[in-house]
Every structure is written in structure tokens, then in C-alpha cells.
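**Q** You'll find query-v3.cif just under this line, and it carries mmCIF, C-alpha atoms and all ligand atoms.
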data_model
loop_
_atom_site.label_atom_id
_atom_site.label_comp_id
_atom_site.auth_asym_id
_atom_site.auth_seq_id
_atom_site.Cartn_x
_atom_site.Cartn_y
_atom_site.Cartn_z
CA MET A 14 110.08 181.44 96.17
CA ASP A 15 110.58 178.28 98.26
CA ALA A 16 114.36 178.41 98.75
CA GLN A 17 114.49 175.75 101.49
CA PRO A 18 117.16 173.00 101.55
CA PRO A 19 115.91 169.50 100.57
CA LEU A 20 113.77 167.70 103.16
CA GLN A 21 115.57 164.89 105.02
CA PRO A 22 113.95 161.61 106.18
CA VAL A 23 116.03 161.75 109.40
CA ALA A 24 114.69 165.20 110.29
CA PRO A 25 111.97 165.63 112.95
CA ILE A 26 108.27 166.22 112.31
CA GLY A 27 107.04 169.60 113.60
CA VAL A 28 103.77 169.62 115.53
CA PHE A 29 102.14 172.80 116.77
CA ASP A 30 99.10 174.04 118.60
CA SER A 31 98.07 177.20 120.41
CA GLY A 32 99.10 175.35 123.58
CA ILE A 33 98.92 171.87 125.06
CA GLY A 34 95.90 170.63 123.04
CA GLY A 35 98.10 169.24 120.28
CA LEU A 36 99.47 166.74 122.79
CA SER A 37 96.31 164.71 122.05
CA ILE A 38 97.49 164.55 118.42
CA LEU A 39 101.16 164.00 119.31
CA ALA A 40 100.16 160.93 121.35
CA ALA A 41 98.54 159.36 118.27
CA LEU A 42 101.49 160.34 116.03
CA ARG A 43 103.99 158.63 118.34
CA VAL A 44 101.93 155.43 118.35
CA ALA A 45 101.49 155.37 114.56
CA MET A 46 105.13 156.30 113.78
CA PRO A 47 107.33 154.83 116.52
CA ARG A 48 110.56 155.50 114.57
CA GLU A 49 109.93 159.19 114.02
CA HIS A 50 110.97 162.04 116.28
CA PHE A 51 109.14 165.30 116.83
CA VAL A 52 109.44 168.96 117.78
CA TYR A 53 106.32 170.08 119.64
CA TYR A 54 105.66 173.83 119.70
CA ALA A 55 103.06 175.09 122.18
CA ASP A 56 102.22 178.70 121.37
CA SER A 57 100.93 179.16 124.91
CA GLY A 58 102.25 182.73 125.09
CA HIS A 59 99.56 183.58 122.51
CA ALA A 60 96.79 181.15 123.51
CA PRO A 61 93.91 180.82 123.20
CA TYR A 62 93.60 181.15 119.42
CA GLY A 63 89.90 180.37 119.32
CA GLU A 64 88.57 183.79 120.25
CA LYS A 65 91.25 185.98 118.64
CA GLY A 66 90.17 186.12 114.98
CA GLY A 67 91.53 184.63 111.75
CA GLU A 68 94.22 187.18 110.98
CA PHE A 69 95.93 186.78 114.35
CA VAL A 70 95.90 182.99 114.01
CA GLN A 71 97.32 183.21 110.48
CA GLN A 72 100.20 185.42 111.63
CA ARG A 73 101.04 183.13 114.55
CA SER A 74 100.84 180.02 112.35
CA LEU A 75 103.27 181.52 109.81
CA THR A 76 105.68 182.61 112.57
CA VAL A 77 105.67 179.22 114.29
CA ALA A 78 105.99 177.24 111.03
CA GLU A 79 108.90 179.43 109.96
CA ALA A 80 110.70 178.96 113.30
CA LEU A 81 110.23 175.17 113.18
CA GLN A 82 111.82 175.03 109.74
CA ARG A 83 114.64 177.48 110.42
CA GLU A 84 115.60 176.18 113.86
CA HIS A 85 114.82 172.48 113.56
CA GLY A 86 114.84 171.70 109.81
CA ILE A 87 111.52 169.81 110.10
CA LYS A 88 110.58 167.49 107.21
CA ALA A 89 106.80 167.82 107.72
CA LEU A 90 104.39 169.94 109.73
CA VAL A 91 101.32 168.78 111.64
CA VAL A 92 99.00 171.66 112.48
CA ALA A 93 97.59 170.01 115.62
CA CYS A 94 94.96 172.71 116.10
CA ASN A 95 91.55 172.95 114.46
CA THR A 96 91.46 176.73 114.78
CA ALA A 97 94.86 177.16 113.07
CA THR A 98 93.99 174.59 110.39
CA THR A 99 90.74 176.28 109.45
CA ALA A 100 92.31 179.76 109.47
CA ALA A 101 95.76 179.15 108.03
CA ILE A 102 96.45 175.82 106.35
CA GLY A 103 95.88 177.24 102.85
CA LEU A 104 98.32 180.04 103.57
CA LEU A 105 100.95 177.69 105.01
CA ARG A 106 100.75 175.42 101.94
CA GLU A 107 101.03 178.41 99.64
CA ARG A 108 104.08 179.73 101.49
CA TRP A 109 105.90 176.35 101.69
CA PRO A 110 104.64 174.26 98.78
CA ARG A 111 107.28 171.53 99.16
CA LEU A 112 106.74 170.96 102.89
CA PRO A 113 104.21 168.19 103.63
CA ILE A 114 101.56 169.78 105.87
CA VAL A 115 98.80 167.86 107.64
CA GLY A 116 95.98 169.64 109.47
CA VAL A 117 93.10 168.71 111.76
CA GLU A 118 89.43 169.46 111.19
CA PRO A 119 86.34 168.55 113.20
CA ALA A 120 85.54 164.92 112.36
CA LEU A 121 82.12 165.58 110.84
CA LYS A 122 82.28 162.83 108.21
CA PRO A 123 83.46 160.11 110.62
CA ALA A 124 80.56 161.12 112.91
CA LEU A 125 78.11 160.32 110.12
CA LEU A 126 79.25 156.71 110.21
CA LEU A 127 78.40 156.49 113.91
CA THR A 128 75.16 158.41 114.42
CA GLN A 129 71.92 156.46 114.46
CA THR A 130 69.68 159.38 115.40
CA ARG A 131 71.23 161.54 112.61
CA ARG A 132 71.80 164.30 115.17
CA VAL A 133 75.41 165.17 115.93
CA GLY A 134 76.77 167.69 118.44
CA VAL A 135 79.96 169.57 117.57
CA ILE A 136 82.00 171.37 120.22
CA ALA A 137 84.93 173.55 119.10
CA THR A 138 86.30 177.06 119.40
CA ARG A 139 84.32 179.99 118.06
CA GLY A 140 87.06 180.57 115.44
CA THR A 141 86.72 177.03 114.09
CA LEU A 142 82.91 177.01 114.02
CA GLU A 143 82.71 180.40 112.34
CA SER A 144 85.33 179.55 109.70
CA ALA A 145 84.60 179.31 105.99
CA ARG A 146 86.22 175.88 105.98
CA VAL A 147 83.72 174.42 108.45
CA ALA A 148 80.85 176.10 106.59
CA ALA A 149 82.04 174.38 103.39
CA LEU A 150 82.38 171.02 105.14
CA LEU A 151 78.89 171.34 106.62
CA SER A 152 77.22 172.42 103.41
CA GLY A 153 78.13 169.08 101.84
CA LEU A 154 76.76 167.09 104.78
CA GLN A 155 73.63 168.91 105.92
CA HIS A 156 71.29 166.57 104.09
CA GLU A 157 72.85 163.54 105.84
CA ALA A 158 72.35 164.61 109.46
CA ARG A 159 71.60 167.59 111.65
CA PHE A 160 74.80 169.06 113.11
CA VAL A 161 74.31 171.16 116.24
CA LEU A 162 77.26 173.51 116.79
CA GLN A 163 78.39 174.79 120.18
CA PRO A 164 81.31 177.23 120.54
CA CYS A 165 83.01 176.67 123.89
CA ASP A 166 84.52 180.03 124.83
CA GLY A 167 87.02 179.67 127.67
CA LEU A 168 87.17 175.87 127.72
CA ALA A 169 90.54 175.45 125.95
CA GLU A 170 91.93 178.18 128.17
CA ALA A 171 90.75 176.40 131.33
CA ILE A 172 92.33 173.15 130.06
CA GLU A 173 95.55 175.08 129.40
CA ARG A 174 95.54 176.16 133.08
CA ASN A 175 94.46 172.70 134.29
CA ASP A 176 91.67 174.51 136.14
CA THR A 177 89.40 171.57 137.00
CA PRO A 178 86.42 173.46 138.53
CA THR A 179 86.16 175.73 135.46
CA ILE A 180 86.60 172.79 133.06
CA THR A 181 83.73 170.97 134.79
CA ALA A 182 81.45 174.03 134.97
CA LEU A 183 82.02 175.07 131.35
CA SER A 184 81.66 171.60 129.89
CA GLN A 185 78.43 171.08 131.87
CA ARG A 186 77.06 174.36 130.56
CA TYR A 187 78.03 173.81 126.93
CA LEU A 188 76.80 170.22 126.78
CA ARG A 189 73.47 171.35 128.28
CA GLU A 190 73.21 174.10 125.64
CA LEU A 191 73.66 171.56 122.86
CA GLY A 192 70.33 169.92 123.74
CA LYS A 193 69.25 166.46 124.78
CA PHE A 194 71.70 163.58 124.41
CA GLY A 195 70.42 160.04 124.04
CA HIS A 196 69.40 157.38 121.57
CA ALA A 197 65.77 158.32 120.90
CA PRO A 198 64.79 160.09 117.67
CA GLY A 199 65.74 163.78 117.80
CA GLU A 200 68.40 163.25 120.48
CA ILE A 201 72.16 163.73 119.98
CA ASP A 202 73.94 160.37 120.05
CA THR A 203 77.35 161.49 118.73
CA LEU A 204 79.64 164.29 119.89
CA VAL A 205 82.51 165.63 117.77
CA LEU A 206 85.43 167.05 119.75
CA GLY A 207 86.45 169.77 117.30
CA CYS A 208 89.28 171.22 119.36
CA THR A 209 92.44 169.29 120.16
CA HIS A 210 92.33 170.41 123.79
CA TYR A 211 89.06 168.57 124.45
CA PRO A 212 90.28 164.94 124.21
CA LEU A 213 92.55 165.78 127.15
CA VAL A 214 89.41 166.08 129.33
CA ILE A 215 87.40 163.32 127.68
CA ASP A 216 86.70 161.67 131.06
CA THR A 217 85.03 164.85 132.36
CA LEU A 218 82.91 165.03 129.20
CA ILE A 219 81.89 161.37 129.37
CA GLU A 220 80.85 161.74 133.03
CA GLN A 221 78.29 164.36 131.99
CA LEU A 222 76.70 162.38 129.18
CA PRO A 223 74.29 159.45 129.16
CA GLU A 224 75.83 156.06 128.49
CA GLY A 225 76.69 155.02 124.96
CA ILE A 226 77.21 158.47 123.42
CA GLU A 227 79.97 158.30 120.81
CA LEU A 228 82.76 160.86 121.21
CA VAL A 229 84.78 161.42 118.07
CA HIS A 230 88.21 162.97 117.83
CA THR A 231 90.79 163.13 115.14
CA GLY A 232 94.14 161.97 116.59
CA PRO A 233 94.30 158.48 115.03
CA ALA A 234 92.97 159.67 111.63
CA VAL A 235 95.49 162.53 111.53
CA ALA A 236 98.30 160.11 112.38
CA ARG A 237 97.24 157.76 109.55
CA GLN A 238 97.15 160.70 107.15
CA CYS A 239 100.62 161.76 108.26
CA VAL A 240 101.96 158.23 107.58
CA ARG A 241 100.45 158.33 104.07
CA VAL A 242 101.88 161.77 103.33
CA LEU A 243 105.40 160.83 104.50
CA GLN A 244 105.26 157.58 102.49
CA ALA A 245 104.17 159.41 99.36
CA ALA A 246 107.02 161.91 99.77
CA GLY A 247 109.61 159.18 100.52
CA LEU A 248 110.33 160.85 103.87
CA GLN A 249 109.77 158.01 106.36
CA HIS A 250 112.55 157.53 108.88
CA GLU A 251 113.92 154.00 108.49
CA GLY A 252 116.59 154.09 111.23
CA ARG A 253 116.19 153.90 114.99
CA GLU A 254 118.14 156.97 116.12
CA HIS A 255 116.01 159.49 118.05
CA ALA A 256 112.98 157.13 117.80
CA GLY A 257 110.06 158.58 119.78
CA GLU A 258 112.01 161.60 121.06
CA VAL A 259 110.30 164.95 121.45
CA ILE A 260 111.96 168.37 121.58
CA TRP A 261 109.72 170.76 123.53
CA ARG A 262 109.31 174.38 122.46
CA THR A 263 106.94 176.98 123.81
CA SER A 264 106.30 180.71 123.69
CA GLY A 265 104.85 180.37 127.20
CA GLU A 266 106.15 178.81 130.42
CA PRO A 267 108.45 175.82 129.77
CA ALA A 268 107.56 174.34 133.18
CA ALA A 269 103.84 174.38 132.31
CA LEU A 270 104.49 172.49 129.05
CA GLN A 271 106.69 169.95 130.87
CA ASP A 272 103.93 169.40 133.43
CA ALA A 273 101.34 168.93 130.70
CA ALA A 274 103.58 166.52 128.76
CA ARG A 275 104.09 164.47 131.91
CA ARG A 276 100.42 164.58 132.84
CA TRP A 277 98.97 163.71 129.44
CA LEU A 278 101.72 161.66 127.76
CA GLY A 279 103.88 160.45 130.61
CA LEU A 280 106.76 162.31 128.93
CA GLY A 281 108.85 165.35 129.54
N1 LIG B 301 93.53 173.44 120.37
C1 LIG B 301 92.99 174.37 119.48
C2 LIG B 301 91.99 173.81 118.49
O1 LIG B 301 92.04 172.64 118.18
C3 LIG B 301 92.58 175.75 119.91
C4 LIG B 301 92.39 176.15 121.29
C5 LIG B 301 92.49 177.66 121.42
O2 LIG B 301 93.62 178.13 121.47
O3 LIG B 301 91.47 178.34 121.45
O4 LIG B 301 91.19 174.53 117.96
#
What does the file become when written as C-alpha cells?
**A**
Amino acid sequence: MDAQPPLQPVAPIGVFDSGIGGLSILAALRVAMPREHFVYYADSGHAPYGEKGGEFVQQRSLTVAEALQREHGIKALVVACNTATTAAIGLLRERWPRLPIVGVEPALKPALLLTQTRRVGVIATRGTLESARVAALLSGLQHEARFVLQPCDGLAEAIERNDTPTITALSQRYLRELGKFGHAPGEIDTLVLGCTHYPLVIDTLIEQLPEGIELVHTGPAVARQCVRVLQAAGLQHEGREHAGEVIWRTSGEPAALQDAARRWLGLG
């Protein structure tokens, strides 16, 4: 039974990821909802999720969502992690049916609007790409374009550590494995960033691609969806108190999260 107290418009929005990747989503949320305030939970003590299997990710997602509700009374939850969304969003919605929950998924449909060559690369964690949810998404779109999938083992972890040489080496390797990028027939002209860590290193990715390749990520679309969901539930914050504030929580090193928040959002 969902025995939670009523949701309050003045309460914060909970945002969580396996680590710092969800900061790429938090940035878009703060722009789209300047009056809202947030609790960001980086589960860095248990990262990366992408290579740990669905059951582990489900358990962690339930634990984090429960803590955000119990300790912060959040009015909505943004699962700012593709791996956790694909593994656990159904379970989270079942457990807390009254809590508005917004997830992130690789932006396969938006990529279809951009590709001219009808060949789209998708980089994400192994967990995301092997999930039933992505298989279902793909099965509806296969006739529209060819999607080439590349799991990027170790990349989110290197971004978590801010380990630039490894980030560069792994992204070079994985982009090469995807095949030829370009604008000629048969070449990949659109790349979906299917892990929320990857937009944090978008400059490194762009440097390794020919000019004019479209890189697609979900931050702004997720933020728009969150606005719609809060509106529909009558949960938008109308006042100005706490506007834009973020409470930082982590199961890892607080100093590492502060550094990342400063580096990527100018906050912390
Ligand atoms: N940022 C996460 C995602 O969007 C996962 C990274 C990881 O922990 O493997 O999938």
C-alpha cells in the first residue's frame, strides 16, 4: 500500500543517477524549472550500474528512491540514468503509484528526425543496450533506420573519475568500432548518447568525429516532460523560496560530487 503523506508543491524534486552523469539532466531541469529546487543523489558508492546486471540496479533504485522520499519528502522523482530507467522504472512506479516519476531513455525517436543517411549510432552502457525496454523501442523503429549499438564498458566509470586519458582512449575505440561516420549513404550521421554521463564529455566526442555529425541527448526533452508531469499533477512550485537550490547527497565521496557539480554546473 502507498501510505505516503500527500505530495507538496513546495517540496524538492529528487534526481538520481549511479553517479555524476545525472548532472547533465539536472542542468536541463534547472533551466526549464527555475523556481524548483532539487535533491541530487549520486549513487557513486555503487557505480557503475551499467555492467552490474538488472537485479542490482533495481535494488539500488528502490533504496535510493525510498531514501529520497523518507529523508527529503520529494514531490517527484527523475531517474537521471538510462540504465536505472530501463531496469527499474516499472518497479518504481508500481511501488509508489502516486509519485510522479520521469525516466530517461536513449533518444532513438528524436534521432530519426535528424538522420539523413538512415544510419544511427547508439552509445550506452551494456545494461541499457541489453535491456528488454531498448529491444522493444528498437523493434518499433527498425524499418525506419539502421541503429548500430555500441556498449561502452568502462567509459562512465572513467568519466566518474575524471580520468581524461582513459576517456579519450575509450571513446576513440568505441566510436571506431561503430563504423564509418559521415554523410554519404551507409555512413552514420547521427549519434545517440544513451548514457547520461556522456554529454559531460561531449567535446571529446565531437573532436573525434567528422564535422556535422548530430549528437543527440535527452536532457532538454526530459526537462520538458518533467514540466508536463508536474503541471498535470498540480505540483508546480509557484513561490520563489529555495529557487534553483540543490541539496547534494551521495553514497560515495562528498568531495568528488562537489568537484563534479562545480566542474559541470558551476555549482556546489
Ligand atoms: N549514467 C548512467 C546511464 O545513463 C549509467 C552509468 C553507469 O553507472 O554505468 O546509463
**Q** Counting all atoms listed in the file, what residues are within 6 Å of ligand LIG 301 (chain B), given as a ChimeraX atom specification?
**A** /A:30-31,34,60-63,94-96,138,169,208-210
**Q** Sort by chain and increasing residue number a table of all residues of region 108-218 of chain A within 9 Å of region 273-279 of chain A, each with its closest pair of atoms and their distance in Å to one decimal, counting only C-alpha atoms, and write it as a Markdown table.
**A**
| residue | atom | partner | partner_atom | distance |
| --- | --- | --- | --- | --- |
| A:Glu173 | CA | A:Ala273 | CA | 8.5 |
| A:Asn175 | CA | A:Ala273 | CA | 8.6 |
| A:Leu213 | CA | A:Trp277 | CA | 7.1 |
**Q** With C-alpha atoms kept, could you save the residues just selected as a PDB file, in the coordinates of the input?
**A**
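Result file is part-v8.pdb:
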ATOM      1  CA  GLU A 173      95.550 175.080 129.400  1.00  0.00           C
ATOM      2  CA  ASN A 175      94.460 172.700 134.290  1.00  0.00           C
ATOM      3  CA  LEU A 213      92.550 165.780 127.150  1.00  0.00           C
TER       4      LEU A 213
END
**Q** Just checking: using all atoms listed in the file, which residue out of A:Gln221, A:Thr203, A:Gln21, A:Gln271 ends up closest to Ala124 (chain A)?
**A**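 Smallest distance to Ala124 (chain A) is found for A:Thr203.
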**Q** Tell me which residues come within 9 Å of (82.5, 175.8, 128.4), as a list of chain:residue names, counting all atoms listed in the file in the file's coordinates.
**A** A:Pro164, A:Cys165, A:Asp166, A:Gly167, A:Leu168, A:Ala169, A:Ala171, A:Thr179, A:Ile180, A:Thr181, A:Ala182, A:Leu183, A:Ser184, A:Gln185, A:Arg186, A:Tyr187, A:Leu188
**Q** Export C-alpha atoms of the chosen residues as a compact mmCIF listing (two decimals), in the coordinates of the input?
**A**
# COMPACT_ATOMS: atom_id res chain seq x y z
CA PRO A 164 81.31 177.23 120.54
CA CYS A 165 83.01 176.67 123.89
CA ASP A 166 84.52 180.03 124.83
CA GLY A 167 87.02 179.67 127.67
CA LEU A 168 87.17 175.87 127.72
CA ALA A 169 90.54 175.45 125.95
CA ALA A 171 90.75 176.40 131.33
CA THR A 179 86.16 175.73 135.46
CA ILE A 180 86.60 172.79 133.06
CA THR A 181 83.73 170.97 134.79
CA ALA A 182 81.45 174.03 134.97
CA LEU A 183 82.02 175.07 131.35
CA SER A 184 81.66 171.60 129.89
CA GLN A 185 78.43 171.08 131.87
CA ARG A 186 77.06 174.36 130.56
CA TYR A 187 78.03 173.81 126.93
CA LEU A 188 76.80 170.22 126.78
**Q** Name the closest residue to Arg174 (chain A) among the candidates A:Gly67, A:Gly195, A:Pro212, A:Gly265; distances are taken between atoms, counting all atoms listed in the file.
**A**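 The shortest atom-to-atom distance to Arg174 (chain A) comes from A:Gly265.
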**Q** Would you pick out the contacts of Phe160 (chain A) at 10 Å or less, using all atoms listed in the file, so that residues sharing its chain but fewer than 5 positions from it are not included, and give the list as a list in words?
**A** Leu121, Ala124, Leu125, Arg131, Arg132, Val133, Gly134, Val135, Leu151, Leu154, Gln155, Ile201, Thr203, Leu204 and Val205 of chain A
**Q** In terms of the shortest atom-to-atom distance over all atoms listed in the file, which of A:Gln129, A:Ala268, A:Leu142, A:Gly257 is closest to Gly225 (chain A)?
**A**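 Ranking A:Gln129, A:Ala268, A:Leu142, A:Gly257 by distance to Gly225 (chain A), first place goes to A:Gln129.
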**Q** Rank nothing, just name the residue among A:Ala97, A:Ala78, A:Leu206, A:Ile114 nearest to Glu64 (chain A), using all atoms listed in the file.
**A**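 Closest to Glu64 (chain A), using all atoms listed in the file: A:Ala97.
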**Q** So that I can see what lies close to Arg237 (chain A), please list as a ChimeraX atom specification the residues with an atom at most 10 Å from it, counting all atoms listed in the file and leaving out residues fewer than 6 positions away in the same chain.
**A** /A:41-42,45-46
**Q** Pick from A:Cys239, A:Ile26, A:Ala197, A:Val70: nearest to Ser144 (chain A), with only C-alpha atoms counted?
**A**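 Of A:Cys239, A:Ile26, A:Ala197, A:Val70, the one nearest Ser144 (chain A) is A:Val70, counting only C-alpha atoms.
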**Q** Rounded to one decimal in Å, what is the spacing between CA of Ala158 (chain A) and CA of Ala234 (chain A)?
**A**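 That distance, rounded to one decimal, is 21.3 Å.
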**Q** Find the spatial neighbours of Pro267 (chain A), counting all atoms listed in the file, within a cut-off of 12 Å - ignore same-chain residues fewer than 6 positions away - and output them as a PyMOL selection string.
**A** chain A and resi 32-33+53-58+260-261+273-274+281
